[in-house]
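Colleague: Structure file model-v2.csv (CSV, C-alpha atoms) right here:
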chain,number,residue,atom,x,y,z
Y,1,MET,CA,365.3,-50.3,-19.5
Y,2,GLY,CA,366.6,-49.5,-16.1
Y,3,ALA,CA,367.3,-51.4,-12.9
Y,4,GLY,CA,364.4,-53.8,-13.2
Y,5,PHE,CA,365.8,-55.4,-16.3
Y,6,PHE,CA,369.2,-56.1,-14.7
Y,7,VAL,CA,367.5,-57.5,-11.6
Y,8,GLY,CA,365.7,-59.9,-14.0
Y,9,VAL,CA,368.9,-60.8,-15.7
Y,10,ILE,CA,370.6,-61.5,-12.4
Y,11,GLY,CA,367.6,-63.6,-11.3
Y,12,VAL,CA,367.9,-65.7,-14.5
Y,13,LEU,CA,371.6,-66.1,-14.0
Y,14,ILE,CA,371.1,-67.4,-10.5
Y,15,LEU,CA,368.6,-69.9,-11.9
Y,16,LEU,CA,371.1,-71.1,-14.4
Y,17,HIS,CA,373.7,-71.5,-11.7
Y,18,ALA,CA,371.3,-73.5,-9.6
Y,19,ALA,CA,370.6,-75.7,-12.7
Y,20,TYR,CA,374.3,-76.3,-13.2
Y,21,SER,CA,374.9,-77.2,-9.6
Y,22,THR,CA,371.9,-79.6,-9.7
Y,23,ILE,CA,373.4,-81.3,-12.7
Y,24,GLN,CA,376.7,-81.7,-10.9
Y,25,TYR,CA,374.9,-83.1,-7.8
Y,26,ARG,CA,373.2,-85.7,-10.0
Y,27,THR,CA,376.5,-86.8,-11.5
Y,28,LEU,CA,377.7,-87.2,-8.0
Y,29,LEU,CA,374.7,-89.3,-7.2
Y,30,LYS,CA,375.3,-91.5,-10.2
Y,31,ILE,CA,378.8,-92.2,-9.0
Y,32,THR,CA,377.6,-93.2,-5.6
Y,33,ASP,CA,374.6,-95.0,-7.1
Y,34,GLU,CA,371.9,-93.3,-5.1
Y,35,GLN,CA,368.4,-92.1,-6.0
Y,36,PHE,CA,367.6,-88.4,-6.5
Y,37,SER,CA,365.3,-87.7,-3.6
Y,38,GLY,CA,365.5,-83.9,-3.5
Y,39,ALA,CA,367.6,-81.0,-4.5
Y,40,PRO,CA,370.4,-80.0,-2.0
Y,41,ILE,CA,369.5,-77.2,0.4
Y,42,ASN,CA,371.7,-74.6,-1.2
Y,43,VAL,CA,370.1,-75.1,-4.6
Y,44,VAL,CA,366.7,-74.6,-3.0
Y,45,ILE,CA,367.8,-71.4,-1.4
Y,46,GLU,CA,369.3,-70.2,-4.8
Y,47,LEU,CA,366.0,-71.0,-6.5
Y,48,ILE,CA,364.0,-69.1,-4.0
Y,49,ALA,CA,366.3,-66.1,-4.3
Y,50,GLY,CA,366.1,-66.3,-8.1
Y,51,LEU,CA,362.3,-66.6,-7.9
Y,52,VAL,CA,362.1,-63.5,-5.7
Y,53,LEU,CA,364.3,-61.5,-8.1
Y,54,CYS,CA,362.4,-62.6,-11.2
Y,55,THR,CA,359.1,-61.8,-9.6
Y,56,TRP,CA,360.3,-58.3,-8.8
Y,57,ALA,CA,361.5,-57.9,-12.3
Y,58,ALA,CA,358.3,-59.3,-13.8
Y,59,LEU,CA,356.3,-56.7,-11.9
Y,60,THR,CA,358.4,-53.6,-12.5
Y,61,VAL,CA,359.9,-54.0,-16.1
Y,62,PRO,CA,356.7,-54.1,-18.2
Y,63,GLY,CA,355.7,-50.6,-17.1
Y,64,LYS,CA,353.3,-48.7,-14.9
Y,65,PHE,CA,349.6,-49.1,-14.7
Y,66,LEU,CA,347.7,-46.2,-16.1
Y,67,SER,CA,344.4,-45.0,-14.7
Y,68,ILE,CA,341.4,-45.7,-16.8
Y,69,LEU,CA,338.9,-43.4,-15.1
Y,70,PRO,CA,337.9,-40.6,-17.5
Y,71,HIS,CA,337.8,-38.0,-14.8
Y,72,SER,CA,341.2,-38.6,-13.1
Y,73,ASP,CA,343.9,-36.1,-13.1
Y,74,GLU,CA,346.2,-38.0,-15.4
Y,75,ASN,CA,343.7,-38.3,-18.2
Y,76,ARG,CA,343.5,-34.6,-18.9
Y,77,VAL,CA,343.4,-34.9,-22.7
Y,78,VAL,CA,340.1,-36.7,-22.4
Y,79,SER,CA,338.5,-33.6,-20.9
Y,80,LEU,CA,339.5,-31.4,-23.8
Y,81,PRO,CA,336.0,-31.2,-25.3
Y,82,ASP,CA,334.9,-29.3,-22.2
Y,83,ASN,CA,336.5,-26.2,-23.6
Y,84,LEU,CA,334.0,-24.2,-25.5
Y,85,ASP,CA,336.4,-23.8,-28.4
Y,86,PHE,CA,336.8,-27.5,-28.9
Y,87,MET,CA,333.4,-28.9,-28.5
Y,88,ILE,CA,332.6,-31.9,-30.5
Y,89,PHE,CA,329.0,-32.8,-30.9
Y,90,ASN,CA,328.9,-36.0,-32.8
Y,91,HIS,CA,330.4,-38.3,-30.2
Y,92,ARG,CA,329.4,-41.1,-27.8
Y,93,GLY,CA,328.3,-38.5,-25.2
Y,94,LYS,CA,324.9,-38.6,-26.9
Y,95,ALA,CA,324.3,-41.8,-24.9
Y,96,PHE,CA,324.4,-39.7,-21.7
Y,97,PRO,CA,321.1,-38.5,-20.4
Y,98,LEU,CA,320.2,-35.0,-21.7
Y,99,ASP,CA,321.2,-32.2,-19.2
Y,100,MET,CA,318.2,-29.9,-19.0
Y,101,ASP,CA,319.9,-27.1,-17.1
Y,102,VAL,CA,321.4,-25.7,-20.2
Y,103,LYS,CA,320.1,-22.2,-20.6
Y,104,LEU,CA,319.3,-20.6,-24.0
Y,105,LYS,CA,321.0,-17.2,-24.4
D,1,MET,CA,323.1,-20.2,-28.6
D,2,ALA,CA,323.2,-22.5,-25.6
D,3,ILE,CA,325.6,-21.7,-22.8
D,4,ARG,CA,326.8,-24.4,-20.3
D,5,GLU,CA,326.9,-22.7,-17.0
D,6,ASP,CA,329.5,-24.0,-14.5
D,7,SER,CA,330.6,-26.6,-16.9
D,8,SER,CA,332.8,-28.4,-14.3
D,9,VAL,CA,329.9,-28.7,-11.9
D,10,GLN,CA,327.7,-30.1,-14.6
D,11,LEU,CA,330.3,-32.6,-15.6
D,12,LYS,CA,330.2,-33.9,-12.1
D,13,LYS,CA,326.4,-34.0,-12.1
D,14,SER,CA,326.3,-36.0,-15.3
D,15,SER,CA,328.8,-38.5,-13.8
D,16,ASP,CA,326.7,-38.9,-10.7
D,17,SER,CA,323.5,-39.7,-12.5
D,18,LEU,CA,322.2,-43.2,-11.9
D,19,ASP,CA,321.9,-44.4,-15.5
D,20,GLU,CA,325.5,-43.5,-16.5
D,21,ILE,CA,327.2,-45.8,-18.9
D,22,PRO,CA,330.8,-46.2,-17.6
D,23,THR,CA,333.2,-45.1,-20.3
D,24,PHE,CA,336.9,-46.0,-19.7
D,25,ASN,CA,340.0,-44.8,-21.3
D,26,ALA,CA,340.4,-47.7,-23.7
D,27,GLU,CA,344.0,-47.2,-24.6
D,28,ASN,CA,345.0,-47.4,-20.9
D,29,LEU,CA,342.8,-50.4,-20.3
D,30,GLN,CA,344.6,-52.2,-23.1
D,31,ASN,CA,348.0,-51.1,-21.8
D,32,ASN,CA,347.2,-52.5,-18.3
D,33,ALA,CA,346.0,-55.8,-19.8
D,34,ARG,CA,349.2,-56.1,-21.8
D,35,ILE,CA,351.3,-55.5,-18.7
D,36,ILE,CA,349.5,-58.3,-16.9
D,37,ASN,CA,350.0,-60.6,-19.8
D,38,TYR,CA,353.7,-59.9,-20.0
D,39,SER,CA,354.2,-60.4,-16.3
D,40,ARG,CA,352.3,-63.7,-16.2
D,41,THR,CA,354.1,-65.1,-19.2
D,42,PHE,CA,357.5,-64.3,-17.8
D,43,MET,CA,356.5,-65.8,-14.4
D,44,SER,CA,355.2,-69.0,-16.1
D,45,ILE,CA,358.5,-69.5,-17.8
D,46,ILE,CA,360.5,-68.9,-14.7
D,47,GLY,CA,358.2,-71.2,-12.7
D,48,GLY,CA,358.6,-73.9,-15.4
D,49,VAL,CA,362.4,-73.7,-15.2
D,50,ILE,CA,362.3,-73.9,-11.4
D,51,ALA,CA,359.9,-76.9,-11.4
D,52,GLY,CA,362.2,-78.7,-13.9
D,53,ILE,CA,365.3,-78.1,-11.8
D,54,LEU,CA,363.6,-79.3,-8.6
D,55,GLY,CA,362.4,-82.4,-10.4
D,56,PHE,CA,358.7,-82.1,-9.8
D,57,THR,CA,356.6,-84.7,-11.6
D,58,SER,CA,352.9,-84.8,-12.5
D,59,LEU,CA,350.5,-83.3,-10.0
D,60,THR,CA,353.2,-81.6,-7.9
D,61,GLY,CA,354.3,-79.6,-10.8
D,62,PHE,CA,350.8,-78.3,-11.6
D,63,ILE,CA,350.3,-77.3,-8.0
D,64,PHE,CA,353.6,-75.4,-8.1
D,65,TYR,CA,352.3,-73.6,-11.2
D,66,PHE,CA,349.2,-72.5,-9.4
D,67,ILE,CA,351.2,-71.3,-6.5
D,68,VAL,CA,353.5,-69.3,-8.8
D,69,MET,CA,350.4,-67.8,-10.4
D,70,ALA,CA,348.9,-66.9,-7.0
D,71,ILE,CA,352.1,-65.1,-6.1
D,72,THR,CA,352.0,-63.2,-9.4
D,73,THR,CA,348.3,-62.3,-8.8
D,74,VAL,CA,349.2,-60.9,-5.3
D,75,GLY,CA,352.1,-59.0,-6.8
D,76,LEU,CA,350.0,-57.5,-9.6
D,77,ALA,CA,347.3,-56.5,-7.1
D,78,ALA,CA,350.0,-54.9,-4.9
D,79,LYS,CA,351.4,-53.1,-8.0
D,80,ALA,CA,347.9,-51.6,-8.7
D,81,GLY,CA,347.8,-50.5,-5.0
D,82,PHE,CA,344.8,-52.8,-4.3
D,83,SER,CA,342.5,-50.2,-5.9
D,84,ILE,CA,341.7,-52.4,-8.8
D,85,HIS,CA,338.8,-50.3,-10.1
D,86,SER,CA,340.9,-47.4,-11.1
D,87,TYR,CA,343.0,-49.5,-13.4
D,88,PHE,CA,340.8,-52.4,-14.6
D,89,ASP,CA,337.2,-53.0,-15.3
D,90,SER,CA,336.8,-56.1,-13.1
D,91,TRP,CA,338.6,-58.3,-10.6
D,92,ASN,CA,338.5,-61.2,-13.0
D,93,ARG,CA,341.0,-59.5,-15.3
D,94,VAL,CA,343.6,-59.4,-12.6
D,95,ILE,CA,342.9,-62.8,-11.2
D,96,LEU,CA,342.1,-65.0,-14.2
D,97,ASP,CA,343.5,-63.4,-17.3
D,98,GLY,CA,346.5,-65.2,-18.8
D,99,ILE,CA,346.5,-68.3,-16.6
D,100,LEU,CA,345.6,-70.8,-19.2
D,101,GLY,CA,348.0,-69.4,-21.8
D,102,GLY,CA,350.7,-69.3,-19.2
D,103,LEU,CA,350.1,-73.0,-18.4
D,104,LEU,CA,351.3,-74.0,-21.8
D,105,SER,CA,354.5,-72.0,-21.5
D,106,PHE,CA,355.0,-73.4,-18.0
D,107,VAL,CA,354.7,-77.1,-19.2
D,108,LEU,CA,357.1,-76.3,-22.1
D,109,PHE,CA,359.9,-74.9,-20.0
D,110,TRP,CA,359.2,-77.5,-17.2
D,111,THR,CA,359.8,-80.4,-19.6
D,112,PHE,CA,362.8,-78.6,-21.1
D,113,ALA,CA,364.5,-77.9,-17.8
D,114,TYR,CA,363.7,-81.4,-16.4
D,115,ASP,CA,365.2,-83.0,-19.5
D,116,LEU,CA,368.3,-80.8,-19.3
D,117,VAL,CA,368.9,-81.3,-15.6
D,118,HIS,CA,367.7,-84.9,-14.9
D,119,ILE,CA,368.0,-86.9,-18.0
D,120,PHE,CA,371.0,-85.7,-20.0
Would you write the structure of this file as structure tokens?
Modeller:
Amino acid sequence: MGAGFFVGVIGVLILLHAAYSTIQYRTLLKITDEQFSGAPINVVIELIAGLVLCTWAALTVPGKFLSILPHSDENRVVSLPDNLDFMIFNHRGKAFPLDMDVKLK
Amino acid sequence: MAIREDSSVQLKKSSDSLDEIPTFNAENLQNNARIINYSRTFMSIIGGVIAGILGFTSLTGFIFYFIVMAITTVGLAAKAGFSIHSYFDSWNRVILDGILGGLLSFVLFWTFAYDLVHIF
């Protein structure tokens, strides 16, 4: 799946490492009998780094956005009925206003 | 036999008419909606784990969730190049879609991580 997937995996691993170091920090606090007031600063930095990596992975891994406009350059298959050989008449285009410039041969 | 003269020009004329019904490429619209859903679900899970590790409780945690969702929304808008109308049918789809569903995943992983780190 490419680089984005591995960036996501690294982000999750950083998060797991931050969780483990927080657990160790809490056992230390239990020994010294203090309250948990906030995570240590290196854990916060790790979490921010993990969040940034995971955000980047979440935006790039699922795939690109595809244009939905019927007349854009990427949706060329949609314009196939314009070719005289492939005209389809019984389609939703009958909802469009009738084009009166069509000449009879 | 009817001939369409200058078919490409007439195609533009029919799309410029005032009472046009906007038709979109439905498959691509679905594809884009699916991408948004995947991104938001993944970010909700990651946000839940982070909120649990940091030990957020009650209101702080939910505020953190909405911050993470706001970051995801900005990221998705940037991914679409800020020209939303060529990829989606309305702004609401980018901003609001998937937030409530993601909230449940967030709370699940939040309580899971909080228990793991702070209770056991």
Colleague: Quick one: residues within 10 Å of Ser37 (chain Y), only C-alpha atoms, excluding same-chain residues fewer than 3 positions away - as a PyMOL selection string?
Modeller: (chain Y and resi 34+40) or (chain D and resi 54-55)
Colleague: Rounded to one decimal place, report the CA of Leu16 (chain Y)-CA of Ala70 (chain D) distance in Å.
Modeller: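 Those two atoms sit 23.8 Å apart.
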Colleague: Find the spatial neighbours of Ile23 (chain Y), counting all atoms listed in the file, within a cut-off of 10 Å - ignore same-chain residues fewer than 4 positions away - and output them as a PyMOL selection string.
Modeller: (chain Y and resi 17-19+27-29) or (chain D and resi 53+116-120)
Colleague: Here is a test: counting all atoms listed in the file, which residue of Y:Ala58, Y:Ile41, Y:Ile31, Y:Met100 is nearest to chain D?
Modeller: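 Ranked by minimum distance to chain D, first place goes to Y:Ala58.
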Colleague: Kindly give the distance, in Å, that separates CA of Ile63 (chain D) and CA of Phe109 (chain D), rounded to a single decimal.
Modeller: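 Going from CA of Ile63 (chain D) over to CA of Phe109 (chain D), I get 15.6 Å.
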Colleague: Need the shell around Gly61 (chain D): protein/DNA/RNA residues with any atom at most 9 Å away, counting all atoms listed in the file. Skip same-chain ones fewer than 6 positions apart. Format as number ranges by chain?
Modeller: D: 48, 51-52, 55, 107, 110
Colleague: Write out as a VMD selection string which residues come within 8 Å of Ile99 (chain D) when counting only C-alpha atoms, dropping same-chain ones fewer than 4 positions away.
Modeller: chain D and resid 40 69 103
Colleague: One number please: CA of Gln35 (chain Y) to CA of Thr111 (chain D), in Å, one decimal.
Modeller: 19.9 Å
Colleague: For chain Y, which residue out of D:Tyr65, D:Tyr114, D:Phe42, D:Trp91 is the nearest one, using only C-alpha atoms?
Modeller: D:Phe42
Colleague: Calculated over only C-alpha atoms, which of the candidates Y:Ser67, Y:Ser21, Y:Gly93, Y:Leu51 has the smallest distance to Val49 (chain D)?
Modeller: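 Nearest to Val49 (chain D): Y:Leu51.
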Colleague: For a quick check of understanding, using all atoms listed in the file, which of D:Thr60, D:Val94, D:Thr41, D:Tyr87 has the smallest distance to chain Y?
Modeller: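 Counting all atoms listed in the file, the residue closest to chain Y is D:Tyr87.
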Colleague: Skipping near chain neighbours, those fewer than 5 positions away, what residues fall within 7 Å of Leu53 (chain Y) using all atoms listed in the file, listed as a PyMOL selection string?
Modeller: chain Y and resi 7-8+11
Colleague: Produce the centre coordinates and the three edge lengths, each in Å to one decimal, of the box along x, y and z that contains all listed atoms of region 100-107 of chain D with 4 Å added on each side, as AutoDock Vina command-line options.
Modeller:
--center_x 350.3 --center_y -73.2 --center_z -19.9 --size_x 17.4 --size_y 15.8 --size_z 11.8
Colleague: Looking at all atoms listed in the file, which of Y:Pro62, Y:Tyr25, Y:Phe89, Y:Leu98 is the one that sits closest to chain D?
Modeller: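 Checking each candidate against chain D, we get Y:Pro62 as the closest.
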Colleague: Calculated over only C-alpha atoms, which of the candidates D:Phe106, D:Phe88, D:Phe82, D:Phe62 has the smallest distance to chain Y?
Modeller: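 Ranked by minimum distance to chain Y, first place goes to D:Phe88.
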